[in-house]
>>> print(open('final37.cif').read())   # mmCIF, C-alpha atoms
data_my_file
#
loop_
_atom_site.label_atom_id
_atom_site.label_comp_id
_atom_site.auth_asym_id
_atom_site.auth_seq_id
_atom_site.Cartn_x
_atom_site.Cartn_y
_atom_site.Cartn_z
CA MET A 331 -40.26 -95.41 -26.33
CA ASP A 332 -43.10 -94.00 -28.41
CA SER A 333 -42.89 -92.98 -32.07
CA PHE A 334 -42.90 -89.24 -31.34
CA GLU A 335 -39.90 -89.55 -29.04
CA ILE A 336 -38.04 -91.64 -31.63
CA MET A 337 -38.81 -89.04 -34.31
CA MET A 338 -37.55 -86.24 -32.07
CA ARG A 339 -34.31 -88.15 -31.54
CA ALA A 340 -33.95 -88.69 -35.29
CA CYS A 341 -34.47 -84.97 -35.89
CA GLY A 342 -31.91 -84.21 -33.21
CA VAL A 343 -29.36 -86.51 -34.84
CA GLY A 344 -30.01 -84.93 -38.25
CA VAL A 345 -29.70 -81.36 -37.01
CA LEU A 346 -26.62 -82.15 -34.90
CA VAL A 347 -24.86 -83.82 -37.82
CA ALA A 348 -25.80 -80.93 -40.14
CA LEU A 349 -24.41 -78.38 -37.67
CA CYS A 350 -21.22 -80.38 -37.20
CA LEU A 351 -20.85 -80.60 -40.98
CA ALA A 352 -21.25 -76.84 -41.27
CA VAL A 353 -18.45 -76.29 -38.77
CA ILE A 354 -16.13 -79.21 -39.60
CA GLY A 355 -16.65 -78.90 -43.35
CA ARG A 356 -15.00 -75.49 -43.31
CA VAL A 357 -12.15 -76.47 -41.00
CA ALA A 358 -11.29 -80.05 -41.98
CA GLY A 359 -13.15 -81.12 -45.09
CA GLY A 360 -11.80 -84.69 -44.99
CA TYR A 361 -13.80 -85.53 -41.89
CA GLY A 362 -17.06 -84.31 -43.39
CA PHE A 363 -17.62 -87.47 -45.40
CA ALA A 364 -17.05 -89.72 -42.37
CA LEU A 365 -19.46 -87.59 -40.35
CA ARG A 366 -22.10 -87.84 -43.10
CA ILE A 367 -21.78 -91.62 -43.20
CA GLY A 368 -21.91 -91.86 -39.40
CA GLY A 369 -25.06 -89.72 -39.26
CA ALA A 370 -26.69 -91.73 -42.03
CA VAL A 371 -25.91 -94.99 -40.22
CA LEU A 372 -27.41 -93.62 -36.98
CA LEU A 373 -30.56 -92.54 -38.79
CA PHE A 374 -30.79 -95.90 -40.54
CA GLY A 375 -30.53 -97.63 -37.16
CA ILE A 376 -33.42 -95.52 -35.88
CA PHE A 377 -35.38 -96.46 -38.99
CA LEU A 378 -34.76 -100.16 -38.38
CA LEU A 379 -35.97 -99.82 -34.81
CA ILE A 380 -39.28 -98.30 -35.91
CA PHE A 381 -39.64 -100.56 -38.95
CA GLY A 382 -39.20 -103.77 -36.92
CA GLU A 383 -41.97 -102.82 -34.52
CA SER A 384 -44.27 -101.80 -37.37
CA VAL A 385 -43.75 -105.06 -39.26
CA ASP A 386 -44.73 -107.15 -36.26
CA ALA A 387 -47.86 -105.07 -35.63
CA LEU A 388 -48.95 -105.16 -39.29
CA ARG A 389 -48.47 -108.92 -39.55
CA ALA A 390 -50.63 -109.43 -36.47
CA VAL A 391 -53.37 -107.18 -37.90
CA ALA A 392 -53.23 -108.89 -41.31
CA THR A 393 -53.44 -112.37 -39.81
CA THR A 394 -56.35 -111.39 -37.59
CA ALA A 395 -58.26 -109.58 -40.35
CA SER A 396 -57.93 -112.38 -42.86
CA GLY A 397 -59.16 -115.91 -42.42
CA ASN A 398 -56.58 -117.09 -44.93
CA GLY A 399 -52.96 -116.10 -45.19
CA PHE A 400 -53.29 -114.09 -48.42
CA ALA A 401 -53.60 -110.71 -46.70
CA ALA A 402 -50.66 -111.53 -44.43
CA ASP A 403 -48.61 -112.55 -47.47
CA ALA A 404 -49.60 -109.34 -49.27
CA PHE A 405 -48.53 -107.28 -46.26
CA GLY A 406 -45.27 -109.21 -46.17
CA VAL A 407 -44.57 -108.44 -49.81
CA MET A 408 -45.51 -104.80 -49.29
CA LEU A 409 -43.21 -104.44 -46.31
CA LYS A 410 -40.32 -106.20 -48.04
CA GLY A 411 -40.80 -103.89 -51.02
CA LEU A 412 -40.78 -100.87 -48.73
CA GLY A 413 -37.60 -102.09 -47.07
CA VAL A 414 -35.90 -102.66 -50.43
CA ALA A 415 -37.00 -99.22 -51.68
CA LEU A 416 -35.73 -97.42 -48.59
CA LEU A 417 -32.47 -99.34 -48.48
CA GLY A 418 -31.91 -98.69 -52.19
CA ARG A 419 -32.60 -94.99 -51.72
CA PHE A 420 -30.30 -94.85 -48.71
CA CYS A 421 -27.43 -96.50 -50.62
CA ALA A 422 -28.06 -94.42 -53.74
CA ASP A 423 -27.91 -91.22 -51.69
CA ILE A 424 -24.56 -92.31 -50.26
CA CYS A 425 -23.31 -92.94 -53.81
CA ARG A 426 -24.51 -89.48 -54.86
CA ASP A 427 -22.71 -87.92 -51.89
CA CYS A 428 -19.54 -89.57 -53.21
CA GLY A 429 -20.18 -88.05 -56.63
CA GLU A 430 -21.11 -91.34 -58.31
CA GLN A 431 -24.36 -90.58 -60.16
CA THR A 432 -24.15 -93.62 -62.44
CA LEU A 433 -23.60 -96.00 -59.55
CA ALA A 434 -26.54 -94.43 -57.68
CA SER A 435 -28.79 -94.99 -60.70
CA GLY A 436 -27.62 -98.60 -60.89
CA VAL A 437 -28.45 -99.21 -57.22
CA GLU A 438 -31.93 -97.74 -57.70
CA SER A 439 -32.49 -99.87 -60.83
CA VAL A 440 -31.52 -103.04 -58.99
CA GLY A 441 -33.94 -102.07 -56.22
CA ARG A 442 -36.77 -101.71 -58.72
CA ILE A 443 -36.03 -105.12 -60.21
CA VAL A 444 -35.95 -106.72 -56.76
CA ILE A 445 -39.32 -105.17 -55.90
CA PHE A 446 -40.73 -106.49 -59.18
CA SER A 447 -39.41 -109.99 -58.44
CA LEU A 448 -40.91 -109.83 -54.94
CA SER A 449 -44.34 -109.13 -56.42
CA LEU A 450 -44.34 -112.01 -58.95
CA PRO A 451 -45.53 -114.75 -56.53
CA MET A 452 -48.37 -112.49 -55.40
CA LEU A 453 -49.34 -111.85 -59.03
CA SER A 454 -49.52 -115.59 -59.59
CA ASP A 455 -51.80 -115.96 -56.55
CA ILE A 456 -54.06 -113.17 -57.81
CA LEU A 457 -54.33 -114.72 -61.27
CA SER A 458 -55.18 -118.16 -59.86
CA LEU A 459 -57.79 -116.58 -57.57
CA ALA A 460 -59.29 -114.74 -60.55
CA GLY A 461 -59.38 -118.03 -62.47
CA GLU A 462 -61.22 -119.73 -59.61
CA ILE A 463 -63.74 -116.90 -59.42
CA LEU A 464 -64.39 -117.06 -63.16
CA GLY A 465 -64.66 -120.84 -63.05
CA MET A 466 -61.57 -121.48 -65.12
CA SER A 467 -59.79 -123.77 -62.68
CA ARG A 468 -57.07 -125.95 -64.10
#
>>> encode(input="final37.cif", output="structure tokens")
Amino acid sequence: MDSFEIMMRACGVGVLVALCLAVIGRVAGGYGFALRIGGAVLLFGIFLLIFGESVDALRAVATTASGNGFAADAFGVMLKGLGVALLGRFCADICRDCGEQTLASGVESVGRIVIFSLSLPMLSDILSLAGEILGMSR
């Protein structure tokens, strides 16, 4: 299944859920929240399908392009950060749908801290590489 077909399915799921919400929300408001969560979970599953294939392809390109593993590690950190950011946004949006603004802000803040902690080992590698280039090896 190519990316365009997957995107068309994701759009179909989004539009179908939105239409169902427009109809069901007026008739039985209690089911609207469950429908929103179900649609979000379906879309997140589609995202994971695409993301998994992309990660494998990018790792192969990074390993081939770089003689050492630094570029592959950098891609790994970048992709983990992207995953954390998207998951944090996804969960924060669910919290906002429930009316919990403070909780949504907390989830996003934790995501930012996790991304920062993911980047620390790479920062250490960059600083040691800069030290080697400048001749300040330990």
>>> atom_distance(input="final37.cif", atom1="CA of Leu346 (chain A)", atom2="CA of Cys428 (chain A)")
21.0 Å
>>> closest_residue(input="final37.cif", among="A:Val385, A:Ile367, A:Ile376, A:Val357", to="Ile336 (chain A)", atoms="all atoms listed in the file")
A:Ile376
>>> resolve_selection(input="final37.cif", expression="the PyMOL selection byres ((chain A and resi 449-452) around 9)", output="ChimeraX atom specification")
/A:400,403-404,407-408,411,444-448,453-457
>>> closest_residue(input="final37.cif", among="A:Tyr361, A:Gly406, A:Leu417, A:Cys350", to="Phe377 (chain A)", atoms="all atoms listed in the file")
A:Leu417
>>> atom_distance(input="final37.cif", atom1="CA of Ala434 (chain A)", atom2="CA of Gly368 (chain A)")
19.0 Å
>>> atom_distance(input="final37.cif", atom1="CA of Phe363 (chain A)", atom2="CA of Val345 (chain A)")
15.9 Å
>>> axis_aligned_box(input="final37.cif", around="region 354-371 of chain A", padding_each_side="5 Å", output="JSON")
{"center_x": -19.0, "center_y": -85.2, "center_z": -42.3, "size_x": 25.4, "size_y": 29.5, "size_z": 16.1}
>>> closest_residue(input="final37.cif", among="A:Val437, A:Val353, A:Cys341, A:Ala387", to="Leu373 (chain A)", atoms="all atoms listed in the file")
A:Cys341
>>> residues_around(input="final37.cif", residues="Val347 (chain A)", least_positions_apart="5", cutoff="9 Å", atoms="only C-alpha atoms", output="PDB file with C-alpha atoms, in the coordinates of the input")
ATOM      1  CA  GLY A 342     -31.910 -84.210 -33.210  1.00  0.00           C
ATOM      2  CA  ALA A 352     -21.250 -76.840 -41.270  1.00  0.00           C
ATOM      3  CA  LEU A 365     -19.460 -87.590 -40.350  1.00  0.00           C
ATOM      4  CA  ARG A 366     -22.100 -87.840 -43.100  1.00  0.00           C
ATOM      5  CA  GLY A 368     -21.910 -91.860 -39.400  1.00  0.00           C
ATOM      6  CA  GLY A 369     -25.060 -89.720 -39.260  1.00  0.00           C
TER       7      GLY A 369
END
>>> residues_near_point(input="final37.cif", point="(-40.1, -99.6, -36.5)", cutoff="12 Å", atoms="all atoms listed in the file", output="compact mmCIF listing (two decimals) with C-alpha atoms, keeping the file's coordinate frame")
# COMPACT_ATOMS: atom_id res chain seq x y z
CA MET A 331 -40.26 -95.41 -26.33
CA ASP A 332 -43.10 -94.00 -28.41
CA SER A 333 -42.89 -92.98 -32.07
CA PHE A 334 -42.90 -89.24 -31.34
CA ILE A 336 -38.04 -91.64 -31.63
CA MET A 337 -38.81 -89.04 -34.31
CA PHE A 374 -30.79 -95.90 -40.54
CA GLY A 375 -30.53 -97.63 -37.16
CA ILE A 376 -33.42 -95.52 -35.88
CA PHE A 377 -35.38 -96.46 -38.99
CA LEU A 378 -34.76 -100.16 -38.38
CA LEU A 379 -35.97 -99.82 -34.81
CA ILE A 380 -39.28 -98.30 -35.91
CA PHE A 381 -39.64 -100.56 -38.95
CA GLY A 382 -39.20 -103.77 -36.92
CA GLU A 383 -41.97 -102.82 -34.52
CA SER A 384 -44.27 -101.80 -37.37
CA VAL A 385 -43.75 -105.06 -39.26
CA ASP A 386 -44.73 -107.15 -36.26
CA ALA A 387 -47.86 -105.07 -35.63
CA LEU A 388 -48.95 -105.16 -39.29
CA LEU A 409 -43.21 -104.44 -46.31
CA GLY A 413 -37.60 -102.09 -47.07
>>> closest_residue(input="final37.cif", among="A:Glu430, A:Val371, A:Gly362, A:Leu459", to="Leu349 (chain A)", atoms="only C-alpha atoms")
A:Gly362
>>> decode(input="final37.cif", residues="region 455-467 of chain A", atoms="N, CA and C atoms", output="CSV table (one decimal), in the first residue's frame")
chain,number,residue,atom,x,y,z
A,455,ASP,N,28.2,13.9,22.2
A,455,ASP,CA,29.0,13.5,21.1
A,455,ASP,C,29.5,14.6,20.3
A,456,ILE,N,28.7,15.6,20.1
A,456,ILE,CA,29.0,16.8,19.3
A,456,ILE,C,30.2,17.6,20.0
A,457,LEU,N,30.1,17.8,21.3
A,457,LEU,CA,31.1,18.5,22.0
A,457,LEU,C,32.4,17.7,22.0
A,458,SER,N,32.4,16.4,22.1
A,458,SER,CA,33.7,15.7,22.0
A,458,SER,C,34.3,15.7,20.6
A,459,LEU,N,33.4,15.7,19.6
A,459,LEU,CA,33.9,15.8,18.2
A,459,LEU,C,34.5,17.2,18.0
A,460,ALA,N,33.9,18.2,18.5
A,460,ALA,CA,34.4,19.6,18.4
A,460,ALA,C,35.8,19.7,19.1
A,461,GLY,N,35.9,19.0,20.3
A,461,GLY,CA,37.1,19.0,21.0
A,461,GLY,C,38.2,18.3,20.2
A,462,GLU,N,37.9,17.2,19.6
A,462,GLU,CA,38.9,16.5,18.8
A,462,GLU,C,39.3,17.4,17.6
A,463,ILE,N,38.4,18.1,17.0
A,463,ILE,CA,38.7,18.9,15.8
A,463,ILE,C,39.6,20.1,16.2
A,464,LEU,N,39.4,20.6,17.4
A,464,LEU,CA,40.2,21.8,17.9
A,464,LEU,C,41.5,21.3,18.6
A,465,GLY,N,41.7,20.0,18.7
A,465,GLY,CA,42.9,19.5,19.3
A,465,GLY,C,42.9,19.5,20.8
A,466,MET,N,41.7,19.6,21.4
A,466,MET,CA,41.6,19.6,22.8
A,466,MET,C,41.1,18.3,23.4
A,467,SER,N,41.7,17.2,22.9
A,467,SER,CA,41.3,15.9,23.4
A,467,SER,C,41.7,15.7,24.8
